[in-house]
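In what follows, a structure is listed as structure tokens, so that the remarks can point back to it.
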Amino acid sequence: MLVHVALTGATGFLGLRLLRRLLDTHPSVTVLAHAGSGDALHRITRFFELTGSPETFTARLPGRLRVVETDLAQPRLGLSGRTFQKLADGLGAIWHSAGSINLEGNLPELRRTNVEGTRHVLELAAAGRRKPLVRHVSTAFVAGARRDGVAYEDELDDVCGFENAYERSKYEAELLIHAWSREHRRPVLVLRPSILVTDLPPHPELPSHPLQVIERILRDARCAADPGGPGSRDSDESASSGFPGPRDRGPRSSGPAGRSLIRTVGHPHGRLNLLQVEHAAEVMVRLAGLAPSGGVDTYHVVHDRDVPVPTVVDLLERLVPLSIDLVATKPDTPSALEALLDFYPGMTAYLAHRRRFDDTRVRTRLGPSAASAPVGLDYLWSGLAPRGRALVLSPGTPPAVLPSVRYA
Ligand SMILES: NC(=O)c1ccc[n+]([C@@H]2O[C@H](COP(=O)([O-])OP(=O)(O)OC[C@H]3O[C@@H](n4cnc5c(N)ncnc54)[C@H](OP(=O)(O)O)[C@@H]3O)[C@@H](O)[C@H]2O)c1
């Protein structure tokens, strides 16, 4: 039976793709939009227009989307008691994708959105007379600061601590989910994606993705440390995608001419799990269609092949006029640029990660169709470089993905 669905975070990078999938099967969706953050219907419509949806589809959006302005951080999502109850009673399922993904945010702020926000969404689910099903978007990074080994889907602990307050806030939100499920004897689906990416070129009207944010931070730091140096998106040097690619990543004192060198802690055998956002949304919606166990069902929505950290470093070097050296420990005497980037420890920590995410449950339940196409350098380039800048690979560029790993 088709139930009426509400979605938080529908204007976000992932939420827009979830919305696209939900509209494939649902005649209408209630969008729990972020109050005061801009016209949600317009932003959603622009996304569909920019990503090639037919005009007949976008023209029907105002009739298919019911937008309710909410604030996650407020009790009852900022709604009056009556509106909150009416909303709750009309729902058969709630997708909770809204959140703050600020890797450098402070814990009280992140808790307000990610933990209290989840509490308020759970209160909405508890209030609904049809007992709406909860689908909660978490992150694979609740695995925290354990940098090696394998993170499993049924693990949830804080033994190794966290790389940043974002991870902790998402972990605390999952703890709430478990407590709520036990207390109310209600099933909850917890979806833990890895780092989501797209090959859609950056556009001012579309939400950014994490790699785009990192690229911007590097570019801004580069400009702040050396305002006269190359760094603008239009500079010839920055536009040269033929910058020497793979190389020995031993320590150096300076980069090639015109490039500032940064030494950042990272592991040459580090690996990052990057997954196409469209694929993640498809897998999530398919998982929601499975019969729930009755308790909390947690799934790693991840790629079966990791991307080597040096490939990500190569990619960033092609985009920003910087040379990045991965070093074992923080430099004793950081340069001005390195000192600036030291303000982003929650982000740079990932360059030292060698851990893998086990997704046996997803593969067992969905089969081989859960696997995604490779996330290669060309795919990542397309989602980060300004339109028209081609990627030129130098001879000897290593494969952009690590061989697939089977965990069973
Ligand atoms: N992106 C990734 O790589 C990634 C990876 C793993 C997990 N996740 C998880 O996936 C979920 C979605 O991430 P995303 O990439 O789509 O993030 P995003 O692009 O930053 O979108 C966040 C969404 O949350 C909404 N929001 C933020 N604060 C709110 C508030 N106080 N009240 C109501 N709505 C609020 C935003 O609305 P406005 O835009 O109007 O402010 C936006 O729709 C998050 O829970 C995140 O932890 C993301």
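Numbering starts fresh at 1 for the residues of each chain in the structure tokens, the chains themselves are lettered A, B, ... in the order given, and ligands are numbered from 1 as they appear.
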Would you name the residues within 7 Å of ligand 1, counting only C-alpha atoms and all ligand atoms, and put them as a PDB file with all heavy atoms, in the first residue's frame?
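So the final result, stored in pocket_11.pdb, reads:
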ATOM      1  N   THR A   8      12.422  15.515   5.171  1.00  0.00           N
ATOM      2  CA  THR A   8      13.179  16.686   5.635  1.00  0.00           C
ATOM      3  C   THR A   8      14.432  16.792   4.762  1.00  0.00           C
ATOM      4  O   THR A   8      14.890  15.796   4.196  1.00  0.00           O
ATOM      5  CB  THR A   8      13.623  16.562   7.113  1.00  0.00           C
ATOM      6  OG1 THR A   8      14.648  15.564   7.208  1.00  0.00           O
ATOM      7  CG2 THR A   8      12.465  16.198   8.035  1.00  0.00           C
ATOM      8  N   GLY A   9      14.974  17.989   4.639  1.00  0.00           N
ATOM      9  CA  GLY A   9      16.224  18.166   3.883  1.00  0.00           C
ATOM     10  C   GLY A   9      16.056  18.021   2.383  1.00  0.00           C
ATOM     11  O   GLY A   9      17.030  17.732   1.675  1.00  0.00           O
ATOM     12  N   ALA A  10      14.843  18.243   1.872  1.00  0.00           N
ATOM     13  CA  ALA A  10      14.571  18.018   0.445  1.00  0.00           C
ATOM     14  C   ALA A  10      15.316  18.991  -0.466  1.00  0.00           C
ATOM     15  O   ALA A  10      15.432  18.751  -1.671  1.00  0.00           O
ATOM     16  CB  ALA A  10      13.073  18.106   0.173  1.00  0.00           C
ATOM     17  N   THR A  11      15.825  20.097   0.086  1.00  0.00           N
ATOM     18  CA  THR A  11      16.572  21.052  -0.748  1.00  0.00           C
ATOM     19  C   THR A  11      18.074  20.750  -0.711  1.00  0.00           C
ATOM     20  O   THR A  11      18.855  21.460  -1.330  1.00  0.00           O
ATOM     21  CB  THR A  11      16.362  22.495  -0.235  1.00  0.00           C
ATOM     22  OG1 THR A  11      16.639  22.514   1.182  1.00  0.00           O
ATOM     23  CG2 THR A  11      14.949  22.984  -0.483  1.00  0.00           C
ATOM     24  N   GLY A  12      18.465  19.701   0.008  1.00  0.00           N
ATOM     25  CA  GLY A  12      19.889  19.401   0.163  1.00  0.00           C
ATOM     26  C   GLY A  12      20.443  18.561  -0.974  1.00  0.00           C
ATOM     27  O   GLY A  12      19.704  18.076  -1.848  1.00  0.00           O
ATOM     28  N   PHE A  13      21.747  18.357  -0.926  1.00  0.00           N
ATOM     29  CA  PHE A  13      22.458  17.611  -1.975  1.00  0.00           C
ATOM     30  C   PHE A  13      21.880  16.202  -2.132  1.00  0.00           C
ATOM     31  O   PHE A  13      21.588  15.750  -3.243  1.00  0.00           O
ATOM     32  CB  PHE A  13      23.944  17.563  -1.605  1.00  0.00           C
ATOM     33  CG  PHE A  13      24.800  16.838  -2.579  1.00  0.00           C
ATOM     34  CD1 PHE A  13      24.927  17.286  -3.891  1.00  0.00           C
ATOM     35  CD2 PHE A  13      25.510  15.701  -2.200  1.00  0.00           C
ATOM     36  CE1 PHE A  13      25.735  16.610  -4.804  1.00  0.00           C
ATOM     37  CE2 PHE A  13      26.306  15.028  -3.095  1.00  0.00           C
ATOM     38  CZ  PHE A  13      26.421  15.480  -4.403  1.00  0.00           C
ATOM     39  N   LEU A  14      21.690  15.515  -1.018  1.00  0.00           N
ATOM     40  CA  LEU A  14      21.091  14.172  -1.069  1.00  0.00           C
ATOM     41  C   LEU A  14      19.570  14.252  -1.140  1.00  0.00           C
ATOM     42  O   LEU A  14      18.938  13.509  -1.903  1.00  0.00           O
ATOM     43  CB  LEU A  14      21.520  13.370   0.167  1.00  0.00           C
ATOM     44  CG  LEU A  14      20.806  12.028   0.368  1.00  0.00           C
ATOM     45  CD1 LEU A  14      21.117  11.068  -0.794  1.00  0.00           C
ATOM     46  CD2 LEU A  14      21.208  11.386   1.690  1.00  0.00           C
ATOM     47  N   GLY A  15      18.981  15.167  -0.350  1.00  0.00           N
ATOM     48  CA  GLY A  15      17.523  15.234  -0.262  1.00  0.00           C
ATOM     49  C   GLY A  15      16.859  15.432  -1.625  1.00  0.00           C
ATOM     50  O   GLY A  15      15.802  14.849  -1.895  1.00  0.00           O
ATOM     51  N   ALA A  33      10.381  21.780   4.853  1.00  0.00           N
ATOM     52  CA  ALA A  33      11.464  22.673   4.421  1.00  0.00           C
ATOM     53  C   ALA A  33      12.018  23.459   5.603  1.00  0.00           C
ATOM     54  O   ALA A  33      11.375  23.573   6.644  1.00  0.00           O
ATOM     55  CB  ALA A  33      10.929  23.629   3.364  1.00  0.00           C
ATOM     56  N   HIS A  34      13.217  23.976   5.415  1.00  0.00           N
ATOM     57  CA  HIS A  34      13.915  24.766   6.441  1.00  0.00           C
ATOM     58  C   HIS A  34      13.328  26.181   6.433  1.00  0.00           C
ATOM     59  O   HIS A  34      13.558  26.939   5.490  1.00  0.00           O
ATOM     60  CB  HIS A  34      15.405  24.794   6.092  1.00  0.00           C
ATOM     61  CG  HIS A  34      16.268  25.359   7.173  1.00  0.00           C
ATOM     62  ND1 HIS A  34      17.621  25.504   7.021  1.00  0.00           N
ATOM     63  CD2 HIS A  34      15.973  25.809   8.411  1.00  0.00           C
ATOM     64  CE1 HIS A  34      18.124  26.024   8.124  1.00  0.00           C
ATOM     65  NE2 HIS A  34      17.149  26.217   8.983  1.00  0.00           N
ATOM     66  N   ALA A  35      12.607  26.526   7.509  1.00  0.00           N
ATOM     67  CA  ALA A  35      11.944  27.833   7.555  1.00  0.00           C
ATOM     68  C   ALA A  35      12.961  28.967   7.446  1.00  0.00           C
ATOM     69  O   ALA A  35      14.031  28.909   8.058  1.00  0.00           O
ATOM     70  CB  ALA A  35      11.165  27.962   8.869  1.00  0.00           C
ATOM     71  N   SER A  37      14.833  29.824   4.989  1.00  0.00           N
ATOM     72  CA  SER A  37      16.068  29.539   4.255  1.00  0.00           C
ATOM     73  C   SER A  37      15.883  29.667   2.732  1.00  0.00           C
ATOM     74  O   SER A  37      16.670  29.136   1.965  1.00  0.00           O
ATOM     75  CB  SER A  37      16.538  28.145   4.661  1.00  0.00           C
ATOM     76  OG  SER A  37      17.439  27.612   3.796  1.00  0.00           O
ATOM     77  N   GLY A  38      14.849  30.366   2.317  1.00  0.00           N
ATOM     78  CA  GLY A  38      14.661  30.558   0.867  1.00  0.00           C
ATOM     79  C   GLY A  38      13.545  29.661   0.367  1.00  0.00           C
ATOM     80  O   GLY A  38      13.259  28.632   0.961  1.00  0.00           O
ATOM     81  N   ALA A  40      11.652  27.031  -0.900  1.00  0.00           N
ATOM     82  CA  ALA A  40      12.009  25.621  -1.145  1.00  0.00           C
ATOM     83  C   ALA A  40      11.460  25.128  -2.483  1.00  0.00           C
ATOM     84  O   ALA A  40      12.160  24.439  -3.232  1.00  0.00           O
ATOM     85  CB  ALA A  40      11.497  24.754  -0.003  1.00  0.00           C
ATOM     86  N   THR A  70       9.546  24.366   8.460  1.00  0.00           N
ATOM     87  CA  THR A  70       9.847  23.810   9.788  1.00  0.00           C
ATOM     88  C   THR A  70      11.243  24.236  10.217  1.00  0.00           C
ATOM     89  O   THR A  70      12.075  24.623   9.385  1.00  0.00           O
ATOM     90  CB  THR A  70       9.837  22.269   9.739  1.00  0.00           C
ATOM     91  OG1 THR A  70      10.729  21.842   8.700  1.00  0.00           O
ATOM     92  CG2 THR A  70       8.455  21.698   9.492  1.00  0.00           C
ATOM     93  N   ASP A  71      11.491  24.149  11.519  1.00  0.00           N
ATOM     94  CA  ASP A  71      12.861  24.294  12.009  1.00  0.00           C
ATOM     95  C   ASP A  71      13.165  23.090  12.897  1.00  0.00           C
ATOM     96  O   ASP A  71      12.572  22.923  13.962  1.00  0.00           O
ATOM     97  CB  ASP A  71      13.035  25.596  12.800  1.00  0.00           C
ATOM     98  CG  ASP A  71      14.498  25.810  13.181  1.00  0.00           C
ATOM     99  OD1 ASP A  71      15.307  24.872  13.016  1.00  0.00           O
ATOM    100  OD2 ASP A  71      14.832  26.916  13.642  1.00  0.00           O
ATOM    101  N   LEU A  72      14.070  22.283  12.417  1.00  0.00           N
ATOM    102  CA  LEU A  72      14.433  21.053  13.127  1.00  0.00           C
ATOM    103  C   LEU A  72      14.807  21.301  14.579  1.00  0.00           C
ATOM    104  O   LEU A  72      14.543  20.481  15.445  1.00  0.00           O
ATOM    105  CB  LEU A  72      15.687  20.459  12.477  1.00  0.00           C
ATOM    106  CG  LEU A  72      15.588  19.656  11.208  1.00  0.00           C
ATOM    107  CD1 LEU A  72      16.986  19.201  10.825  1.00  0.00           C
ATOM    108  CD2 LEU A  72      14.689  18.456  11.443  1.00  0.00           C
ATOM    109  N   ALA A  73      15.474  22.435  14.795  1.00  0.00           N
ATOM    110  CA  ALA A  73      16.034  22.695  16.119  1.00  0.00           C
ATOM    111  C   ALA A  73      14.968  23.070  17.145  1.00  0.00           C
ATOM    112  O   ALA A  73      15.235  23.102  18.335  1.00  0.00           O
ATOM    113  CB  ALA A  73      17.083  23.805  16.019  1.00  0.00           C
ATOM    114  N   SER A  97      16.310  13.475   6.181  1.00  0.00           N
ATOM    115  CA  SER A  97      17.612  13.683   5.527  1.00  0.00           C
ATOM    116  C   SER A  97      18.232  15.019   5.903  1.00  0.00           C
ATOM    117  O   SER A  97      19.396  15.269   5.597  1.00  0.00           O
ATOM    118  CB  SER A  97      17.444  13.605   3.994  1.00  0.00           C
ATOM    119  OG  SER A  97      18.668  13.770   3.332  1.00  0.00           O
ATOM    120  N   ALA A  98      17.467  15.890   6.567  1.00  0.00           N
ATOM    121  CA  ALA A  98      18.014  17.217   6.908  1.00  0.00           C
ATOM    122  C   ALA A  98      19.097  17.084   7.964  1.00  0.00           C
ATOM    123  O   ALA A  98      19.097  16.153   8.766  1.00  0.00           O
ATOM    124  CB  ALA A  98      16.904  18.122   7.427  1.00  0.00           C
ATOM    125  N   GLY A  99      20.021  18.004   7.928  1.00  0.00           N
ATOM    126  CA  GLY A  99      21.068  17.999   8.944  1.00  0.00           C
ATOM    127  C   GLY A  99      22.132  19.006   8.587  1.00  0.00           C
ATOM    128  O   GLY A  99      22.095  19.613   7.512  1.00  0.00           O
ATOM    129  N   SER A 100      23.054  19.193   9.511  1.00  0.00           N
ATOM    130  CA  SER A 100      24.207  20.036   9.215  1.00  0.00           C
ATOM    131  C   SER A 100      25.390  19.116   8.971  1.00  0.00           C
ATOM    132  O   SER A 100      25.688  18.246   9.793  1.00  0.00           O
ATOM    133  CB  SER A 100      24.503  20.955  10.399  1.00  0.00           C
ATOM    134  OG  SER A 100      25.775  21.553  10.192  1.00  0.00           O
ATOM    135  N   ILE A 101      26.051  19.303   7.824  1.00  0.00           N
ATOM    136  CA  ILE A 101      27.209  18.451   7.518  1.00  0.00           C
ATOM    137  C   ILE A 101      28.502  19.258   7.660  1.00  0.00           C
ATOM    138  O   ILE A 101      29.516  18.937   7.026  1.00  0.00           O
ATOM    139  CB  ILE A 101      27.109  17.779   6.129  1.00  0.00           C
ATOM    140  CG1 ILE A 101      27.020  18.800   5.003  1.00  0.00           C
ATOM    141  CG2 ILE A 101      25.920  16.853   6.063  1.00  0.00           C
ATOM    142  CD1 ILE A 101      27.275  18.180   3.636  1.00  0.00           C
ATOM    143  N   THR A 113      21.000  20.857  15.514  1.00  0.00           N
ATOM    144  CA  THR A 113      20.389  20.431  14.243  1.00  0.00           C
ATOM    145  C   THR A 113      20.323  18.905  14.137  1.00  0.00           C
ATOM    146  O   THR A 113      19.281  18.345  13.791  1.00  0.00           O
ATOM    147  CB  THR A 113      21.207  20.996  13.059  1.00  0.00           C
ATOM    148  OG1 THR A 113      21.410  22.381  13.273  1.00  0.00           O
ATOM    149  CG2 THR A 113      20.509  20.776  11.743  1.00  0.00           C
ATOM    150  N   VAL A 137      18.529   9.254   7.774  1.00  0.00           N
ATOM    151  CA  VAL A 137      19.811   9.301   7.061  1.00  0.00           C
ATOM    152  C   VAL A 137      20.913   9.650   8.057  1.00  0.00           C
ATOM    153  O   VAL A 137      20.950  10.749   8.606  1.00  0.00           O
ATOM    154  CB  VAL A 137      19.789  10.308   5.897  1.00  0.00           C
ATOM    155  CG1 VAL A 137      21.146  10.303   5.186  1.00  0.00           C
ATOM    156  CG2 VAL A 137      18.674   9.975   4.905  1.00  0.00           C
ATOM    157  N   SER A 138      21.791   8.698   8.274  1.00  0.00           N
ATOM    158  CA  SER A 138      22.929   8.917   9.156  1.00  0.00           C
ATOM    159  C   SER A 138      24.177   9.061   8.283  1.00  0.00           C
ATOM    160  O   SER A 138      24.115   9.617   7.176  1.00  0.00           O
ATOM    161  CB  SER A 138      23.037   7.731  10.126  1.00  0.00           C
ATOM    162  OG  SER A 138      24.109   7.921  11.012  1.00  0.00           O
ATOM    163  N   THR A 139      25.302   8.536   8.729  1.00  0.00           N
ATOM    164  CA  THR A 139      26.519   8.550   7.924  1.00  0.00           C
ATOM    165  C   THR A 139      27.385   7.359   8.307  1.00  0.00           C
ATOM    166  O   THR A 139      27.379   6.946   9.485  1.00  0.00           O
ATOM    167  CB  THR A 139      27.323   9.854   8.132  1.00  0.00           C
ATOM    168  OG1 THR A 139      28.617   9.691   7.527  1.00  0.00           O
ATOM    169  CG2 THR A 139      27.537  10.185   9.605  1.00  0.00           C
ATOM    170  N   ALA A 140      28.128   6.839   7.338  1.00  0.00           N
ATOM    171  CA  ALA A 140      29.066   5.742   7.642  1.00  0.00           C
ATOM    172  C   ALA A 140      30.118   6.217   8.637  1.00  0.00           C
ATOM    173  O   ALA A 140      30.748   5.406   9.318  1.00  0.00           O
ATOM    174  CB  ALA A 140      29.723   5.256   6.354  1.00  0.00           C
ATOM    175  N   LYS A 170      26.162  12.854  14.753  1.00  0.00           N
ATOM    176  CA  LYS A 170      25.413  11.843  14.010  1.00  0.00           C
ATOM    177  C   LYS A 170      25.350  10.542  14.811  1.00  0.00           C
ATOM    178  O   LYS A 170      24.352   9.822  14.762  1.00  0.00           O
ATOM    179  CB  LYS A 170      26.049  11.603  12.627  1.00  0.00           C
ATOM    180  CG  LYS A 170      26.030  12.812  11.693  1.00  0.00           C
ATOM    181  CD  LYS A 170      24.635  13.237  11.276  1.00  0.00           C
ATOM    182  CE  LYS A 170      24.018  12.359  10.225  1.00  0.00           C
ATOM    183  NZ  LYS A 170      22.723  12.920   9.720  1.00  0.00           N
ATOM    184  N   ARG A 192      23.329   4.638   6.244  1.00  0.00           N
ATOM    185  CA  ARG A 192      24.621   5.275   6.489  1.00  0.00           C
ATOM    186  C   ARG A 192      25.414   5.406   5.188  1.00  0.00           C
ATOM    187  O   ARG A 192      26.191   4.511   4.832  1.00  0.00           O
ATOM    188  CB  ARG A 192      25.448   4.426   7.454  1.00  0.00           C
ATOM    189  CG  ARG A 192      24.948   4.392   8.877  1.00  0.00           C
ATOM    190  CD  ARG A 192      25.950   3.576   9.675  1.00  0.00           C
ATOM    191  NE  ARG A 192      25.543   3.390  11.041  1.00  0.00           N
ATOM    192  CZ  ARG A 192      26.074   2.463  11.827  1.00  0.00           C
ATOM    193  NH1 ARG A 192      27.015   1.649  11.359  1.00  0.00           N
ATOM    194  NH2 ARG A 192      25.690   2.343  13.073  1.00  0.00           N
ATOM    195  N   PRO A 193      25.236   6.513   4.480  1.00  0.00           N
ATOM    196  CA  PRO A 193      26.037   6.697   3.264  1.00  0.00           C
ATOM    197  C   PRO A 193      27.482   7.081   3.586  1.00  0.00           C
ATOM    198  O   PRO A 193      27.766   7.593   4.672  1.00  0.00           O
ATOM    199  CB  PRO A 193      25.327   7.831   2.536  1.00  0.00           C
ATOM    200  CG  PRO A 193      24.549   8.563   3.568  1.00  0.00           C
ATOM    201  CD  PRO A 193      24.282   7.604   4.703  1.00  0.00           C
ATOM    202  N   SER A 194      28.369   6.824   2.622  1.00  0.00           N
ATOM    203  CA  SER A 194      29.753   7.314   2.757  1.00  0.00           C
ATOM    204  C   SER A 194      29.788   8.745   2.194  1.00  0.00           C
ATOM    205  O   SER A 194      28.806   9.468   2.310  1.00  0.00           O
ATOM    206  CB  SER A 194      30.717   6.369   2.032  1.00  0.00           C
ATOM    207  OG  SER A 194      30.309   6.209   0.683  1.00  0.00           O
ATOM    208  N   ILE A 195      30.875   9.149   1.564  1.00  0.00           N
ATOM    209  CA  ILE A 195      30.961  10.528   1.033  1.00  0.00           C
ATOM    210  C   ILE A 195      30.259  10.553  -0.327  1.00  0.00           C
ATOM    211  O   ILE A 195      30.606   9.773  -1.221  1.00  0.00           O
ATOM    212  CB  ILE A 195      32.439  10.951   0.884  1.00  0.00           C
ATOM    213  CG1 ILE A 195      33.136  10.890   2.246  1.00  0.00           C
ATOM    214  CG2 ILE A 195      32.544  12.339   0.271  1.00  0.00           C
ATOM    215  CD1 ILE A 195      34.656  10.975   2.156  1.00  0.00           C
ATOM    216  N   LEU A 196      29.286  11.443  -0.453  1.00  0.00           N
ATOM    217  CA  LEU A 196      28.484  11.458  -1.678  1.00  0.00           C
ATOM    218  C   LEU A 196      29.049  12.454  -2.683  1.00  0.00           C
ATOM    219  O   LEU A 196      29.448  13.569  -2.317  1.00  0.00           O
ATOM    220  CB  LEU A 196      27.032  11.796  -1.318  1.00  0.00           C
ATOM    221  CG  LEU A 196      26.400  10.791  -0.339  1.00  0.00           C
ATOM    222  CD1 LEU A 196      25.021  11.248   0.113  1.00  0.00           C
ATOM    223  CD2 LEU A 196      26.324   9.404  -0.969  1.00  0.00           C
ATOM    224  N   VAL A 197      29.061  12.034  -3.937  1.00  0.00           N
ATOM    225  CA  VAL A 197      29.645  12.869  -4.994  1.00  0.00           C
ATOM    226  C   VAL A 197      28.735  12.867  -6.219  1.00  0.00           C
ATOM    227  O   VAL A 197      27.823  12.053  -6.323  1.00  0.00           O
ATOM    228  CB  VAL A 197      31.064  12.354  -5.395  1.00  0.00           C
ATOM    229  CG1 VAL A 197      32.064  12.605  -4.284  1.00  0.00           C
ATOM    230  CG2 VAL A 197      31.042  10.870  -5.757  1.00  0.00           C
ATOM    231  N   PRO A 207      23.045  22.674  -4.458  1.00  0.00           N
ATOM    232  CA  PRO A 207      23.823  22.514  -3.219  1.00  0.00           C
ATOM    233  C   PRO A 207      25.195  21.907  -3.491  1.00  0.00           C
ATOM    234  O   PRO A 207      25.364  21.113  -4.422  1.00  0.00           O
ATOM    235  CB  PRO A 207      22.976  21.571  -2.367  1.00  0.00           C
ATOM    236  CG  PRO A 207      21.846  21.106  -3.184  1.00  0.00           C
ATOM    237  CD  PRO A 207      21.836  21.824  -4.484  1.00  0.00           C
ATOM    238  N   SER A 208      26.148  22.308  -2.655  1.00  0.00           N
ATOM    239  CA  SER A 208      27.509  21.794  -2.813  1.00  0.00           C
ATOM    240  C   SER A 208      27.603  20.394  -2.234  1.00  0.00           C
ATOM    241  O   SER A 208      26.793  19.998  -1.414  1.00  0.00           O
ATOM    242  CB  SER A 208      28.503  22.651  -2.035  1.00  0.00           C
ATOM    243  OG  SER A 208      28.336  23.991  -2.337  1.00  0.00           O
ATOM    244  N   HIS A 209      28.655  19.672  -2.644  1.00  0.00           N
ATOM    245  CA  HIS A 209      28.932  18.374  -2.029  1.00  0.00           C
ATOM    246  C   HIS A 209      30.272  18.463  -1.306  1.00  0.00           C
ATOM    247  O   HIS A 209      31.037  19.413  -1.514  1.00  0.00           O
ATOM    248  CB  HIS A 209      28.868  17.243  -3.057  1.00  0.00           C
ATOM    249  CG  HIS A 209      29.812  17.375  -4.204  1.00  0.00           C
ATOM    250  ND1 HIS A 209      31.104  16.934  -4.137  1.00  0.00           N
ATOM    251  CD2 HIS A 209      29.658  17.901  -5.432  1.00  0.00           C
ATOM    252  CE1 HIS A 209      31.693  17.172  -5.286  1.00  0.00           C
ATOM    253  NE2 HIS A 209      30.838  17.762  -6.089  1.00  0.00           N
ATOM    254  N   PRO A 210      30.576  17.493  -0.434  1.00  0.00           N
ATOM    255  CA  PRO A 210      31.743  17.638   0.447  1.00  0.00           C
ATOM    256  C   PRO A 210      33.062  17.903  -0.293  1.00  0.00           C
ATOM    257  O   PRO A 210      33.844  18.759   0.148  1.00  0.00           O
ATOM    258  CB  PRO A 210      31.797  16.296   1.186  1.00  0.00           C
ATOM    259  CG  PRO A 210      30.385  15.814   1.185  1.00  0.00           C
ATOM    260  CD  PRO A 210      29.783  16.294  -0.092  1.00  0.00           C
TER     261      PRO A 210
END
Residue neighbourhood range 60-62 of chain A, 10 Å, only C-alpha atoms, exclusion window fewer than 5 positions, as a JSON list (two decimals) with N, CA and C atoms, in the first residue's frame:
[["chain", "number", "residue", "atom", "x", "y", "z"],
["A", 23, "LEU", "N", 9.30, 10.73, -5.84],
["A", 23, "LEU", "CA", 8.27, 11.18, -6.79],
["A", 23, "LEU", "C", 8.07, 10.19, -7.92],
["A", 28, "SER", "N", 2.31, 12.41, -4.42],
["A", 28, "SER", "CA", 2.64, 13.67, -3.75],
["A", 28, "SER", "C", 3.56, 13.40, -2.56],
["A", 29, "VAL", "N", 4.31, 14.43, -2.17],
["A", 29, "VAL", "CA", 5.24, 14.32, -1.05],
["A", 29, "VAL", "C", 5.12, 15.60, -0.23],
["A", 41, "LEU", "N", 10.22, 25.50, -2.79],
["A", 41, "LEU", "CA", 9.62, 25.00, -4.03],
["A", 41, "LEU", "C", 10.42, 25.50, -5.24],
["A", 42, "HIS", "N", 10.84, 26.75, -5.19],
["A", 42, "HIS", "CA", 11.62, 27.31, -6.29],
["A", 42, "HIS", "C", 12.96, 26.58, -6.43],
["A", 44, "ILE", "N", 13.76, 23.58, -5.41],
["A", 44, "ILE", "CA", 13.56, 22.20, -5.88],
["A", 44, "ILE", "C", 13.26, 22.20, -7.38],
["A", 45, "THR", "N", 12.41, 23.13, -7.80],
["A", 45, "THR", "CA", 12.06, 23.20, -9.22],
["A", 45, "THR", "C", 13.30, 23.47, -10.07],
["A", 48, "PHE", "N", 15.32, 20.33, -10.62],
["A", 48, "PHE", "CA", 14.77, 19.44, -11.65],
["A", 48, "PHE", "C", 14.97, 20.04, -13.05],
["A", 55, "GLU", "N", 9.60, 19.39, -18.95],
["A", 55, "GLU", "CA", 8.81, 20.55, -18.51],
["A", 55, "GLU", "C", 7.47, 20.13, -17.91],
["A", 67, "VAL", "N", 4.59, 22.02, 0.76],
["A", 67, "VAL", "CA", 5.74, 22.53, 1.52],
["A", 67, "VAL", "C", 5.28, 23.03, 2.89]]
- prompt: Could you write out, as a ChimeraX atom specification, all the residues of range 121-334 of chain A that DSSP marks as strand (DSSP E or B)?
  reply: /A:133-137,150-151,188-193,195-197,260-265,271-272,274-276,296-301,307-308,322-327
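Nearest to Ala349 in chain A of all the residues A:Leu103, A:Leu274, A:Ala179, A:Val320 is A:Leu103, based on only C-alpha atoms.
When CA of Ala145 in chain A is paired with CA of Cys160 in chain A, their separation reads 5.4 Å.
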task: Write out as a ChimeraX atom specification the residues lying within 10 Å of range 214-217 of chain A, counting only C-alpha atoms and excluding same-chain residues fewer than 4 positions away.
output: /A:209-210,221-223,315-317,319-320,340-341,344,347-348,384-385
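The spacing separating CA of Glu183 in chain A from CA of Val362 in chain A amounts to 26.3 Å.
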